[in-house]
>>> print(open('my_file.txt').read())   # compact mmCIF, C-alpha atoms
# COMPACT_ATOMS: atom_id res chain seq x y z
CA MET A 1 -31.92 3.54 40.81
CA GLY A 2 -29.01 5.86 41.50
CA SER A 3 -26.62 5.91 38.59
CA CYS A 4 -23.71 7.18 40.51
CA CYS A 5 -21.25 6.15 43.08
CA GLY A 6 -18.40 8.53 42.87
CA ASN A 7 -15.90 5.79 42.15
CA GLY A 8 -14.83 7.47 38.93
CA LEU A 9 -15.21 4.26 36.91
CA ARG A 10 -17.34 4.72 33.82
CA LEU A 11 -18.96 2.40 31.36
CA ASP A 12 -17.11 2.62 28.05
CA SER A 13 -19.03 5.03 25.81
CA GLY A 14 -19.21 2.69 22.80
CA VAL A 15 -20.60 -0.11 24.94
CA ARG A 16 -22.94 2.32 26.63
CA GLU A 17 -24.36 3.38 23.26
CA ASP A 18 -24.67 -0.24 22.11
CA ALA A 19 -26.38 -1.23 25.36
CA ARG A 20 -28.75 1.73 25.05
CA ARG A 21 -29.76 0.76 21.53
CA ARG A 22 -30.30 -2.86 22.50
CA LEU A 23 -32.25 -1.87 25.58
CA LEU A 24 -34.52 0.34 23.46
CA SER A 25 -35.28 -2.76 21.44
CA VAL A 26 -35.95 -4.71 24.66
CA LYS A 27 -38.37 -1.95 25.70
CA GLY A 28 -40.19 -2.29 22.36
CA HIS A 29 -40.34 -6.03 22.86
CA VAL A 30 -41.78 -5.59 26.37
CA GLU A 31 -44.42 -3.23 24.97
CA GLY A 32 -45.28 -5.89 22.40
CA ILE A 33 -45.84 -8.44 25.17
CA LEU A 34 -47.96 -5.90 27.05
CA ARG A 35 -50.17 -5.61 23.97
CA MET A 36 -50.35 -9.41 23.74
CA LEU A 37 -51.50 -9.50 27.35
CA GLU A 38 -54.41 -7.17 26.60
CA ASP A 39 -55.84 -9.87 24.35
CA GLU A 40 -58.04 -12.13 26.46
CA LYS A 41 -57.45 -14.95 24.01
CA VAL A 42 -53.67 -14.84 24.34
CA TYR A 43 -52.02 -18.25 24.68
CA CYS A 44 -49.59 -18.94 27.55
CA GLY A 45 -47.08 -20.63 25.29
CA ASP A 46 -46.79 -17.52 23.12
CA VAL A 47 -46.25 -15.30 26.15
CA LEU A 48 -43.60 -17.67 27.51
CA LYS A 49 -41.73 -17.65 24.20
CA GLN A 50 -41.69 -13.86 24.11
CA ILE A 51 -40.55 -13.59 27.73
CA LYS A 52 -37.75 -16.00 26.93
CA ALA A 53 -36.72 -13.90 23.93
CA VAL A 54 -36.60 -10.72 26.04
CA ASP A 55 -34.62 -12.61 28.66
CA GLY A 56 -32.10 -13.61 26.02
CA ALA A 57 -31.78 -10.03 24.74
CA LEU A 58 -31.26 -8.75 28.29
CA ASP A 59 -28.64 -11.41 28.98
CA LYS A 60 -26.79 -10.32 25.85
CA ILE A 61 -26.73 -6.71 27.11
CA GLY A 62 -25.53 -7.95 30.48
CA GLN A 63 -22.73 -9.84 28.77
CA LEU A 64 -21.60 -6.80 26.80
CA VAL A 65 -21.52 -4.62 29.91
CA LEU A 66 -19.85 -7.37 31.93
CA ARG A 67 -17.12 -7.85 29.35
CA SER A 68 -16.48 -4.12 29.30
CA HIS A 69 -16.43 -4.03 33.10
CA LEU A 70 -13.97 -6.91 33.28
CA LYS A 71 -11.77 -5.38 30.59
CA HIS A 72 -11.70 -1.80 31.85
CA HIS A 73 -12.11 -2.10 35.59
CA VAL A 74 -11.69 -5.60 36.95
CA VAL A 75 -8.31 -6.56 35.46
CA THR A 76 -6.90 -3.26 36.77
CA ALA A 77 -8.52 -3.39 40.20
CA HIS A 78 -5.39 -4.42 42.08
CA GLU A 79 -3.43 -1.52 40.61
CA ARG A 80 -6.18 0.89 41.63
CA GLY A 81 -6.47 -0.72 45.06
CA ASP A 82 -10.27 -1.25 45.02
CA GLU A 83 -10.14 -4.99 44.35
CA ASP A 84 -12.09 -5.95 47.47
CA ARG A 85 -15.08 -3.81 46.53
CA ILE A 86 -14.88 -4.85 42.86
CA LEU A 87 -14.73 -8.53 43.83
CA GLU A 88 -17.69 -8.47 46.23
CA GLU A 89 -19.78 -6.54 43.74
CA LEU A 90 -18.92 -8.92 40.93
CA MET A 91 -19.75 -12.03 42.94
CA GLU A 92 -23.11 -10.48 43.82
CA ILE A 93 -23.79 -9.74 40.15
CA LEU A 94 -22.75 -13.21 38.99
CA LYS A 95 -24.79 -15.07 41.62
CA TYR A 96 -27.49 -17.22 40.00
CA ARG A 97 -26.68 -15.76 36.63
CA MET B 1 -45.05 -11.34 17.67
CA GLY B 2 -48.31 -13.03 16.79
CA SER B 3 -50.44 -13.49 19.87
CA CYS B 4 -52.63 -16.13 18.50
CA CYS B 5 -52.61 -19.64 17.33
CA GLY B 6 -56.14 -20.79 17.15
CA ASN B 7 -55.57 -23.59 19.61
CA GLY B 8 -58.32 -22.27 21.85
CA LEU B 9 -56.09 -22.39 24.94
CA ARG B 10 -56.04 -19.11 26.81
CA LEU B 11 -53.94 -17.67 29.55
CA ASP B 12 -56.01 -17.51 32.74
CA SER B 13 -57.39 -13.99 33.04
CA GLY B 14 -56.23 -13.42 36.63
CA VAL B 15 -52.69 -14.47 35.75
CA ARG B 16 -52.86 -12.40 32.58
CA GLU B 17 -53.73 -9.29 34.61
CA ASP B 18 -51.02 -10.03 37.18
CA ALA B 19 -48.45 -10.58 34.41
CA ARG B 20 -49.52 -7.34 32.72
CA ARG B 21 -49.08 -5.34 35.92
CA ARG B 22 -45.69 -6.86 36.60
CA LEU B 23 -44.59 -6.32 33.02
CA LEU B 24 -45.59 -2.65 33.22
CA SER B 25 -43.24 -2.39 36.18
CA VAL B 26 -40.52 -4.16 34.16
CA LYS B 27 -41.06 -1.59 31.40
CA GLY B 28 -40.62 1.23 33.92
CA HIS B 29 -37.47 -0.42 35.18
CA VAL B 30 -36.10 -0.72 31.63
CA GLU B 31 -36.84 2.98 31.06
CA GLY B 32 -34.92 3.74 34.24
CA ILE B 33 -31.89 1.85 32.92
CA LEU B 34 -32.22 3.71 29.60
CA ARG B 35 -31.99 6.98 31.53
CA MET B 36 -28.95 5.66 33.43
CA LEU B 37 -27.32 4.85 30.09
CA GLU B 38 -27.70 8.45 28.92
CA ASP B 39 -25.35 9.50 31.70
CA GLU B 40 -21.79 9.33 30.38
CA LYS B 41 -20.53 8.84 33.92
CA VAL B 42 -22.67 5.76 34.56
CA TYR B 43 -20.83 2.90 36.27
CA CYS B 44 -20.91 -0.62 34.75
CA GLY B 45 -21.57 -2.27 38.10
CA ASP B 46 -24.73 -0.20 38.60
CA VAL B 47 -26.00 -1.10 35.14
CA LEU B 48 -25.30 -4.80 35.74
CA LYS B 49 -27.20 -4.74 39.04
CA GLN B 50 -30.23 -3.15 37.37
CA ILE B 51 -30.16 -5.61 34.47
CA LYS B 52 -30.05 -8.43 36.97
CA ALA B 53 -33.05 -6.99 38.82
CA VAL B 54 -35.07 -6.75 35.58
CA ASP B 55 -34.03 -10.29 34.74
CA GLY B 56 -35.33 -11.48 38.09
CA ALA B 57 -38.65 -9.67 37.61
CA LEU B 58 -39.04 -11.18 34.13
CA ASP B 59 -38.25 -14.64 35.45
CA LYS B 60 -40.94 -14.22 38.07
CA ILE B 61 -43.49 -13.36 35.37
CA GLY B 62 -42.34 -16.35 33.37
CA GLN B 63 -42.86 -18.56 36.42
CA LEU B 64 -46.39 -17.29 36.98
CA VAL B 65 -47.36 -17.89 33.36
CA LEU B 66 -45.61 -21.26 33.32
CA ARG B 67 -47.43 -22.43 36.45
CA SER B 68 -50.74 -21.38 34.92
CA HIS B 69 -49.88 -23.12 31.66
CA LEU B 70 -48.94 -26.33 33.46
CA LYS B 71 -52.07 -26.19 35.61
CA HIS B 72 -54.61 -25.34 32.91
CA HIS B 73 -53.18 -26.86 29.77
CA VAL B 74 -50.31 -29.26 30.32
CA VAL B 75 -51.84 -31.62 32.89
CA THR B 76 -54.88 -31.98 30.63
CA ALA B 77 -53.01 -32.33 27.34
CA HIS B 78 -53.47 -36.09 27.02
CA GLU B 79 -57.24 -35.75 27.43
CA ARG B 80 -57.32 -33.06 24.77
CA GLY B 81 -55.00 -35.05 22.51
CA ASP B 82 -52.47 -32.28 21.81
CA GLU B 83 -49.78 -33.62 24.13
CA ASP B 84 -47.12 -33.90 21.42
CA ARG B 85 -47.36 -30.24 20.49
CA ILE B 86 -47.59 -29.14 24.12
CA LEU B 87 -44.53 -31.22 25.02
CA GLU B 88 -42.30 -29.97 22.21
CA GLU B 89 -43.29 -26.39 22.91
CA LEU B 90 -42.63 -26.76 26.61
CA MET B 91 -39.19 -28.32 26.11
CA GLU B 92 -38.30 -25.43 23.80
CA ILE B 93 -39.43 -22.91 26.41
CA LEU B 94 -37.59 -24.63 29.26
CA LYS B 95 -34.32 -25.01 27.34
CA TYR B 96 -31.53 -23.04 29.02
CA ARG B 97 -33.98 -21.51 31.42
CA MET C 1 -32.06 -40.06 48.97
CA GLY C 2 -35.20 -42.21 49.02
CA SER C 3 -35.94 -43.56 45.59
CA CYS C 4 -39.50 -44.33 46.24
CA CYS C 5 -42.75 -42.71 46.89
CA GLY C 6 -45.38 -45.26 46.27
CA ASN C 7 -47.10 -43.17 43.64
CA GLY C 8 -46.73 -45.91 41.08
CA LEU C 9 -45.22 -43.58 38.50
CA ARG C 10 -41.97 -44.87 37.05
CA LEU C 11 -39.22 -43.42 34.97
CA ASP C 12 -39.41 -44.91 31.48
CA SER C 13 -36.90 -47.76 31.32
CA GLY C 14 -35.20 -46.59 28.11
CA VAL C 15 -34.68 -43.12 29.54
CA ARG C 16 -33.55 -44.63 32.83
CA GLU C 17 -30.88 -46.64 31.05
CA ASP C 18 -29.77 -43.61 28.99
CA ALA C 19 -29.63 -41.45 32.11
CA ARG C 20 -27.62 -44.13 33.93
CA ARG C 21 -25.08 -44.34 31.13
CA ARG C 22 -24.72 -40.57 30.94
CA LEU C 23 -24.45 -40.28 34.70
CA LEU C 24 -21.67 -42.88 34.73
CA SER C 25 -19.82 -40.61 32.33
CA VAL C 26 -20.50 -37.64 34.63
CA LYS C 27 -19.05 -39.64 37.51
CA GLY C 28 -15.90 -40.31 35.46
CA HIS C 29 -15.67 -36.62 34.66
CA VAL C 30 -16.01 -35.71 38.35
CA GLU C 31 -13.24 -38.19 39.18
CA GLY C 32 -11.10 -36.50 36.53
CA ILE C 33 -11.62 -33.12 38.20
CA LEU C 34 -10.79 -34.69 41.58
CA ARG C 35 -7.46 -35.81 40.12
CA MET C 36 -6.86 -32.33 38.71
CA LEU C 37 -7.46 -30.91 42.17
CA GLU C 38 -4.75 -33.10 43.65
CA ASP C 39 -2.22 -31.24 41.52
CA GLU C 40 -1.03 -28.22 43.48
CA LYS C 41 -0.21 -26.46 40.23
CA VAL C 42 -3.74 -26.77 38.83
CA TYR C 43 -5.07 -23.61 37.21
CA CYS C 44 -8.46 -22.18 38.25
CA GLY C 45 -9.54 -21.58 34.67
CA ASP C 46 -9.08 -25.25 33.81
CA VAL C 47 -11.10 -26.34 36.84
CA LEU C 48 -13.88 -23.89 35.97
CA LYS C 49 -14.07 -25.19 32.41
CA GLN C 50 -14.38 -28.78 33.62
CA ILE C 51 -17.03 -27.89 36.18
CA LYS C 52 -18.97 -26.13 33.43
CA ALA C 53 -18.72 -29.21 31.22
CA VAL C 54 -20.04 -31.48 33.99
CA ASP C 55 -22.82 -28.98 34.63
CA GLY C 56 -23.80 -29.16 30.97
CA ALA C 57 -23.80 -32.96 31.00
CA LEU C 58 -25.96 -33.00 34.15
CA ASP C 59 -28.38 -30.50 32.62
CA LYS C 60 -28.71 -32.75 29.59
CA ILE C 61 -29.63 -35.69 31.82
CA GLY C 62 -32.11 -33.48 33.65
CA GLN C 63 -33.68 -32.54 30.33
CA LEU C 64 -34.04 -36.15 29.26
CA VAL C 65 -35.70 -37.14 32.52
CA LEU C 66 -37.85 -34.00 32.52
CA ARG C 67 -39.09 -34.67 28.98
CA SER C 68 -39.95 -38.23 29.95
CA HIS C 69 -41.72 -37.03 33.09
CA LEU C 70 -43.76 -34.47 31.14
CA LYS C 71 -44.62 -37.01 28.47
CA HIS C 72 -45.55 -39.93 30.68
CA HIS C 73 -46.84 -38.35 33.86
CA VAL C 74 -47.54 -34.63 33.60
CA VAL C 75 -49.78 -34.54 30.53
CA THR C 76 -51.91 -37.28 32.09
CA ALA C 77 -52.00 -35.85 35.62
CA HIS C 78 -55.53 -34.50 35.42
CA GLU C 79 -56.87 -37.88 34.32
CA ARG C 80 -55.09 -39.55 37.21
CA GLY C 81 -56.20 -36.85 39.62
CA ASP C 82 -52.78 -36.06 41.11
CA GLU C 83 -52.28 -32.79 39.22
CA ASP C 84 -51.84 -30.66 42.33
CA ARG C 85 -48.95 -32.74 43.63
CA ILE C 86 -47.40 -33.05 40.17
CA LEU C 87 -47.65 -29.28 39.64
CA GLU C 88 -46.10 -28.26 42.96
CA GLU C 89 -43.30 -30.75 42.51
CA LEU C 90 -42.59 -29.56 38.99
CA MET C 91 -42.49 -25.88 39.95
CA GLU C 92 -40.03 -26.76 42.71
CA ILE C 93 -37.85 -28.65 40.24
CA LEU C 94 -37.96 -25.89 37.63
CA LYS C 95 -37.18 -23.08 40.08
CA TYR C 96 -33.91 -21.39 39.18
CA ARG C 97 -33.21 -23.96 36.57
CA MET D 1 -8.66 -33.10 30.69
CA GLY D 2 -5.18 -31.56 30.88
CA SER D 3 -4.66 -29.90 34.20
CA CYS D 4 -1.89 -27.69 33.10
CA CYS D 5 -1.16 -24.78 30.94
CA GLY D 6 2.16 -23.47 31.97
CA ASN D 7 0.82 -20.04 32.76
CA GLY D 8 2.14 -20.27 36.30
CA LEU D 9 -1.21 -19.31 37.82
CA ARG D 10 -2.38 -21.72 40.47
CA LEU D 11 -5.59 -22.32 42.28
CA ASP D 12 -5.20 -21.19 45.89
CA SER D 13 -4.40 -24.28 47.98
CA GLY D 14 -7.09 -23.65 50.61
CA VAL D 15 -9.75 -23.29 47.94
CA ARG D 16 -8.37 -26.30 46.12
CA GLU D 17 -8.75 -28.41 49.24
CA ASP D 18 -12.25 -27.09 49.89
CA ALA D 19 -13.25 -27.75 46.28
CA ARG D 20 -11.81 -31.26 46.47
CA ARG D 21 -13.78 -32.07 49.60
CA ARG D 22 -16.99 -30.71 48.14
CA LEU D 23 -16.42 -32.52 44.86
CA LEU D 24 -15.93 -35.80 46.73
CA SER D 25 -19.37 -35.22 48.20
CA VAL D 26 -20.73 -34.50 44.71
CA LYS D 27 -19.24 -37.80 43.55
CA GLY D 28 -20.99 -39.62 46.40
CA HIS D 29 -24.23 -37.91 45.46
CA VAL D 30 -23.82 -38.95 41.81
CA GLU D 31 -23.22 -42.54 42.95
CA GLY D 32 -26.42 -42.32 44.96
CA ILE D 33 -28.37 -41.28 41.87
CA LEU D 34 -26.75 -44.11 39.92
CA ARG D 35 -28.09 -46.54 42.52
CA MET D 36 -31.53 -44.92 42.28
CA LEU D 37 -31.43 -45.44 38.52
CA GLU D 38 -30.86 -49.18 38.96
CA ASP D 39 -34.29 -49.40 40.56
CA GLU D 40 -36.83 -50.00 37.82
CA LYS D 41 -39.49 -48.43 39.99
CA VAL D 42 -37.65 -45.15 40.42
CA TYR D 43 -39.81 -42.05 40.02
CA CYS D 44 -38.75 -39.26 37.61
CA GLY D 45 -39.52 -36.52 40.12
CA ASP D 46 -37.11 -38.01 42.64
CA VAL D 47 -34.35 -38.26 40.05
CA LEU D 48 -34.95 -34.66 38.97
CA LYS D 49 -34.72 -33.42 42.56
CA GLN D 50 -31.41 -35.22 43.09
CA ILE D 51 -29.96 -33.92 39.82
CA LYS D 52 -30.95 -30.42 40.86
CA ALA D 53 -29.24 -30.87 44.22
CA VAL D 54 -26.00 -32.04 42.56
CA ASP D 55 -26.25 -29.11 40.17
CA GLY D 56 -26.49 -26.74 43.12
CA ALA D 57 -23.49 -28.32 44.83
CA LEU D 58 -21.44 -28.07 41.61
CA ASP D 59 -22.44 -24.43 41.16
CA LYS D 60 -21.26 -23.72 44.68
CA ILE D 61 -17.86 -25.24 43.89
CA GLY D 62 -17.75 -23.20 40.69
CA GLN D 63 -18.45 -20.05 42.69
CA LEU D 64 -15.67 -20.76 45.16
CA VAL D 65 -13.13 -21.37 42.40
CA LEU D 66 -14.38 -18.37 40.44
CA ARG D 67 -14.08 -16.06 43.43
CA SER D 68 -10.54 -17.29 44.02
CA HIS D 69 -9.69 -16.85 40.33
CA LEU D 70 -11.06 -13.30 40.30
CA LYS D 71 -9.25 -12.44 43.52
CA HIS D 72 -5.88 -13.92 42.73
CA HIS D 73 -5.58 -13.72 38.97
CA VAL D 74 -8.18 -11.52 37.32
CA VAL D 75 -7.79 -8.31 39.32
CA THR D 76 -4.03 -8.48 38.70
CA ALA D 77 -4.20 -9.44 35.01
CA HIS D 78 -3.33 -5.99 33.66
CA GLU D 79 -0.19 -5.84 35.81
CA ARG D 80 0.84 -9.27 34.57
CA GLY D 81 -0.03 -8.37 30.98
CA ASP D 82 -2.21 -11.42 30.23
CA GLU D 83 -5.54 -9.59 30.49
CA ASP D 84 -6.67 -10.49 26.96
CA ARG D 85 -6.33 -14.21 27.55
CA ILE D 86 -7.85 -13.98 31.02
CA LEU D 87 -10.78 -11.98 29.69
CA GLU D 88 -11.63 -14.29 26.79
CA GLU D 89 -11.36 -17.32 29.03
CA LEU D 90 -13.58 -15.78 31.68
CA MET D 91 -16.29 -14.77 29.19
CA GLU D 92 -16.28 -18.33 27.87
CA ILE D 93 -16.65 -19.71 31.39
CA LEU D 94 -19.42 -17.29 32.33
CA LYS D 95 -21.45 -17.85 29.16
CA TYR D 96 -24.86 -19.35 29.94
CA ARG D 97 -23.90 -19.76 33.53
>>> encode(input="my_file.txt", output="structure tokens")
Amino acid sequence: MGSCCGNGLRLDSGVREDARRRLLSVKGHVEGILRMLEDEKVYCGDVLKQIKAVDGALDKIGQLVLRSHLKHHVVTAHERGDEDRILEELMEILKYR
Amino acid sequence: MGSCCGNGLRLDSGVREDARRRLLSVKGHVEGILRMLEDEKVYCGDVLKQIKAVDGALDKIGQLVLRSHLKHHVVTAHERGDEDRILEELMEILKYR
Amino acid sequence: MGSCCGNGLRLDSGVREDARRRLLSVKGHVEGILRMLEDEKVYCGDVLKQIKAVDGALDKIGQLVLRSHLKHHVVTAHERGDEDRILEELMEILKYR
Amino acid sequence: MGSCCGNGLRLDSGVREDARRRLLSVKGHVEGILRMLEDEKVYCGDVLKQIKAVDGALDKIGQLVLRSHLKHHVVTAHERGDEDRILEELMEILKYR
């Protein structure tokens, strides 16, 4: 999970902090489901509801980061000259979203 | 995040163990993204790719639990007589999936 | 697009009629987009919004038919003895939904 | 379903033609499902499979138009000065996709 790429484009620091806080909450939620799964009487429907909730929280984080990416890097890609790379990457990210 | 409901229906233990193992890996993945987000030079595109990967892993867990739920509880709901509850719950879970 | 299968299970007639009416509206919507696409000045954003709207209408029809299928055929599958077929088919349908 | 907006941005003509051809096929597919739904013996599972197929074909068209939009209008939005409008519109389109 390399966090780099040398392209000089950075996630906006406010969004980064917001995403980090939300992801900490996702982690707590995942730990809660892990505890549920230790209970041999756990009911499938309850697990499915919790997975769906985590999914929704993750999607929200993805949306925040995506909006920031579009705003700070995608709409300026042609000026910077890296629009081909930005476009391919974005289509990959948006596939089956 | 109550893990109970007194309906007596339980997640199959093999699936429960499989889901737990996969969810532990999801937790590790989330922690990896949290570390990425501590780096002020982190690139949005890299974060989005990782979020998408976690999303895919979560969806897979959801599918395993859903299949088990359908197999062990949904196809027998009419016999048990709780088909109304099972149906409403399932439609809620499948909404926007 | 074979409409049969000889399994004797039928879509509930009320739901069938509702789905037909909604799908007629989807067809009209698709024809509207086709007209838009004949205009060489059409704007991508407008096309994308219309495609999204049709997608939403189709999903709604899918949900109606799915609910009916769950209610009339899935919750009784074990009694009928065709639960394996019903389960595989359902997982295929729900994949990536 | 207004096809205009006076922003001067146009869907690329090659993509427009491709989208039109694909959408014609979607229309034919929808008509096929409409015929299925006239059969009172039609099976839910078959309808669901066809709806899913149409959904996939529509998504493909959406992806083609989206890629063209990103390539021709989004990556140049900052230069044109309409990045705010483009961004809000895009987030709306991508929501729940």
>>> interface_residues(input="my_file.txt", of="chain C", to="chain B", cutoff="10 Å", atoms="all atoms listed in the file", output="compact mmCIF listing (two decimals) with C-alpha atoms, in the frame of the given file")
# COMPACT_ATOMS: atom_id res chain seq x y z
CA ASP C 59 -28.38 -30.50 32.62
CA LYS C 60 -28.71 -32.75 29.59
CA GLN C 63 -33.68 -32.54 30.33
CA LEU C 64 -34.04 -36.15 29.26
CA LEU C 66 -37.85 -34.00 32.52
CA ARG C 67 -39.09 -34.67 28.98
CA SER C 68 -39.95 -38.23 29.95
CA LEU C 70 -43.76 -34.47 31.14
CA LYS C 71 -44.62 -37.01 28.47
CA HIS C 72 -45.55 -39.93 30.68
CA HIS C 73 -46.84 -38.35 33.86
CA VAL C 74 -47.54 -34.63 33.60
CA VAL C 75 -49.78 -34.54 30.53
CA THR C 76 -51.91 -37.28 32.09
CA ALA C 77 -52.00 -35.85 35.62
CA HIS C 78 -55.53 -34.50 35.42
CA GLU C 79 -56.87 -37.88 34.32
CA ARG C 80 -55.09 -39.55 37.21
CA GLY C 81 -56.20 -36.85 39.62
CA ASP C 82 -52.78 -36.06 41.11
CA GLU C 83 -52.28 -32.79 39.22
CA ASP C 84 -51.84 -30.66 42.33
CA ILE C 86 -47.40 -33.05 40.17
CA LEU C 87 -47.65 -29.28 39.64
CA GLU C 88 -46.10 -28.26 42.96
CA LEU C 90 -42.59 -29.56 38.99
CA MET C 91 -42.49 -25.88 39.95
CA LEU C 94 -37.96 -25.89 37.63
CA LYS C 95 -37.18 -23.08 40.08
CA TYR C 96 -33.91 -21.39 39.18
CA ARG C 97 -33.21 -23.96 36.57
>>> calpha_fit_and_write(input="my_file.txt", fixed="chain A", moving="chain D", output="compact mmCIF listing (two decimals) with C-alpha atoms, in the coordinates of the input")
# COMPACT_ATOMS: atom_id res chain seq x y z
CA MET D 1 -31.97 3.53 40.82
CA GLY D 2 -29.02 5.85 41.49
CA SER D 3 -26.70 5.89 38.54
CA CYS D 4 -23.74 7.12 40.41
CA CYS D 5 -21.29 6.12 42.99
CA GLY D 6 -18.45 8.51 42.78
CA ASN D 7 -15.92 5.79 42.15
CA GLY D 8 -14.84 7.46 38.93
CA LEU D 9 -15.22 4.26 36.91
CA ARG D 10 -17.34 4.70 33.82
CA LEU D 11 -18.96 2.40 31.37
CA ASP D 12 -17.10 2.62 28.06
CA SER D 13 -19.03 5.03 25.82
CA GLY D 14 -19.19 2.69 22.81
CA VAL D 15 -20.59 -0.11 24.94
CA ARG D 16 -22.94 2.32 26.63
CA GLU D 17 -24.35 3.36 23.27
CA ASP D 18 -24.65 -0.25 22.12
CA ALA D 19 -26.38 -1.22 25.37
CA ARG D 20 -28.75 1.73 25.05
CA ARG D 21 -29.74 0.77 21.53
CA ARG D 22 -30.28 -2.85 22.49
CA LEU D 23 -32.24 -1.87 25.58
CA LEU D 24 -34.51 0.34 23.48
CA SER D 25 -35.28 -2.76 21.45
CA VAL D 26 -35.94 -4.69 24.67
CA LYS D 27 -38.36 -1.95 25.70
CA GLY D 28 -40.19 -2.28 22.38
CA HIS D 29 -40.34 -6.03 22.87
CA VAL D 30 -41.77 -5.60 26.38
CA GLU D 31 -44.41 -3.23 24.97
CA GLY D 32 -45.27 -5.89 22.42
CA ILE D 33 -45.84 -8.44 25.18
CA LEU D 34 -47.95 -5.90 27.06
CA ARG D 35 -50.17 -5.61 23.99
CA MET D 36 -50.36 -9.41 23.74
CA LEU D 37 -51.50 -9.51 27.37
CA GLU D 38 -54.41 -7.17 26.61
CA ASP D 39 -55.84 -9.87 24.37
CA GLU D 40 -58.04 -12.11 26.48
CA LYS D 41 -57.46 -14.93 24.03
CA VAL D 42 -53.69 -14.84 24.35
CA TYR D 43 -52.04 -18.25 24.68
CA CYS D 44 -49.60 -18.94 27.56
CA GLY D 45 -47.07 -20.63 25.28
CA ASP D 46 -46.79 -17.52 23.12
CA VAL D 47 -46.27 -15.30 26.15
CA LEU D 48 -43.61 -17.67 27.50
CA LYS D 49 -41.73 -17.64 24.19
CA GLN D 50 -41.70 -13.84 24.10
CA ILE D 51 -40.55 -13.58 27.72
CA LYS D 52 -37.74 -15.99 26.92
CA ALA D 53 -36.72 -13.90 23.93
CA VAL D 54 -36.59 -10.71 26.03
CA ASP D 55 -34.61 -12.60 28.65
CA GLY D 56 -32.09 -13.60 26.01
CA ALA D 57 -31.78 -10.03 24.74
CA LEU D 58 -31.26 -8.74 28.30
CA ASP D 59 -28.63 -11.40 28.97
CA LYS D 60 -26.79 -10.31 25.85
CA ILE D 61 -26.73 -6.71 27.10
CA GLY D 62 -25.53 -7.96 30.47
CA GLN D 63 -22.71 -9.84 28.75
CA LEU D 64 -21.60 -6.79 26.80
CA VAL D 65 -21.52 -4.61 29.91
CA LEU D 66 -19.85 -7.36 31.93
CA ARG D 67 -17.12 -7.85 29.34
CA SER D 68 -16.48 -4.11 29.30
CA HIS D 69 -16.42 -4.01 33.12
CA LEU D 70 -13.96 -6.90 33.29
CA LYS D 71 -11.77 -5.36 30.60
CA HIS D 72 -11.69 -1.81 31.85
CA HIS D 73 -12.10 -2.08 35.60
CA VAL D 74 -11.68 -5.59 36.96
CA VAL D 75 -8.32 -6.55 35.46
CA THR D 76 -6.89 -3.26 36.77
CA ALA D 77 -8.52 -3.38 40.22
CA HIS D 78 -5.38 -4.43 42.10
CA GLU D 79 -3.42 -1.51 40.63
CA ARG D 80 -6.18 0.88 41.64
CA GLY D 81 -6.48 -0.73 45.07
CA ASP D 82 -10.27 -1.25 45.03
CA GLU D 83 -10.13 -5.00 44.35
CA ASP D 84 -12.10 -5.96 47.46
CA ARG D 85 -15.08 -3.82 46.52
CA ILE D 86 -14.89 -4.85 42.87
CA LEU D 87 -14.73 -8.51 43.84
CA GLU D 88 -17.69 -8.49 46.23
CA GLU D 89 -19.77 -6.55 43.75
CA LEU D 90 -18.92 -8.91 40.92
CA MET D 91 -19.75 -12.04 42.94
CA GLU D 92 -23.10 -10.48 43.81
CA ILE D 93 -23.79 -9.74 40.15
CA LEU D 94 -22.75 -13.20 38.98
CA LYS D 95 -24.77 -15.07 41.61
CA TYR D 96 -27.46 -17.23 40.02
CA ARG D 97 -26.69 -15.78 36.66
>>> atom_distance(input="my_file.txt", atom1="CA of Glu38 (chain A)", atom2="CA of Ser13 (chain B)")
9.8 Å
>>> atom_distance(input="my_file.txt", atom1="CA of Gly56 (chain A)", atom2="CA of Arg22 (chain A)")
11.5 Å
>>> atom_distance(input="my_file.txt", atom1="CA of Ala57 (chain D)", atom2="CA of Asp18 (chain D)")
12.4 Å
>>> residues_near_point(input="my_file.txt", point="(-26.9, 1.3, 27.0)", cutoff="9 Å", atoms="only C-alpha atoms", output="PDB file with C-alpha atoms, keeping the file's coordinate frame")
ATOM      1  CA  SER A  13     -19.030   5.030  25.810  1.00  0.00           C
ATOM      2  CA  GLY A  14     -19.210   2.690  22.800  1.00  0.00           C
ATOM      3  CA  VAL A  15     -20.600  -0.110  24.940  1.00  0.00           C
ATOM      4  CA  ARG A  16     -22.940   2.320  26.630  1.00  0.00           C
ATOM      5  CA  GLU A  17     -24.360   3.380  23.260  1.00  0.00           C
ATOM      6  CA  ASP A  18     -24.670  -0.240  22.110  1.00  0.00           C
ATOM      7  CA  ALA A  19     -26.380  -1.230  25.360  1.00  0.00           C
ATOM      8  CA  ARG A  20     -28.750   1.730  25.050  1.00  0.00           C
ATOM      9  CA  ARG A  21     -29.760   0.760  21.530  1.00  0.00           C
ATOM     10  CA  ARG A  22     -30.300  -2.860  22.500  1.00  0.00           C
ATOM     11  CA  LEU A  23     -32.250  -1.870  25.580  1.00  0.00           C
ATOM     12  CA  LEU A  24     -34.520   0.340  23.460  1.00  0.00           C
ATOM     13  CA  ILE A  61     -26.730  -6.710  27.110  1.00  0.00           C
ATOM     14  CA  VAL A  65     -21.520  -4.620  29.910  1.00  0.00           C
TER      15      VAL A  65
ATOM     16  CA  ILE B  33     -31.890   1.850  32.920  1.00  0.00           C
ATOM     17  CA  LEU B  34     -32.220   3.710  29.600  1.00  0.00           C
ATOM     18  CA  ARG B  35     -31.990   6.980  31.530  1.00  0.00           C
ATOM     19  CA  MET B  36     -28.950   5.660  33.430  1.00  0.00           C
ATOM     20  CA  LEU B  37     -27.320   4.850  30.090  1.00  0.00           C
ATOM     21  CA  GLU B  38     -27.700   8.450  28.920  1.00  0.00           C
ATOM     22  CA  VAL B  47     -26.000  -1.100  35.140  1.00  0.00           C
TER      23      VAL B  47
END
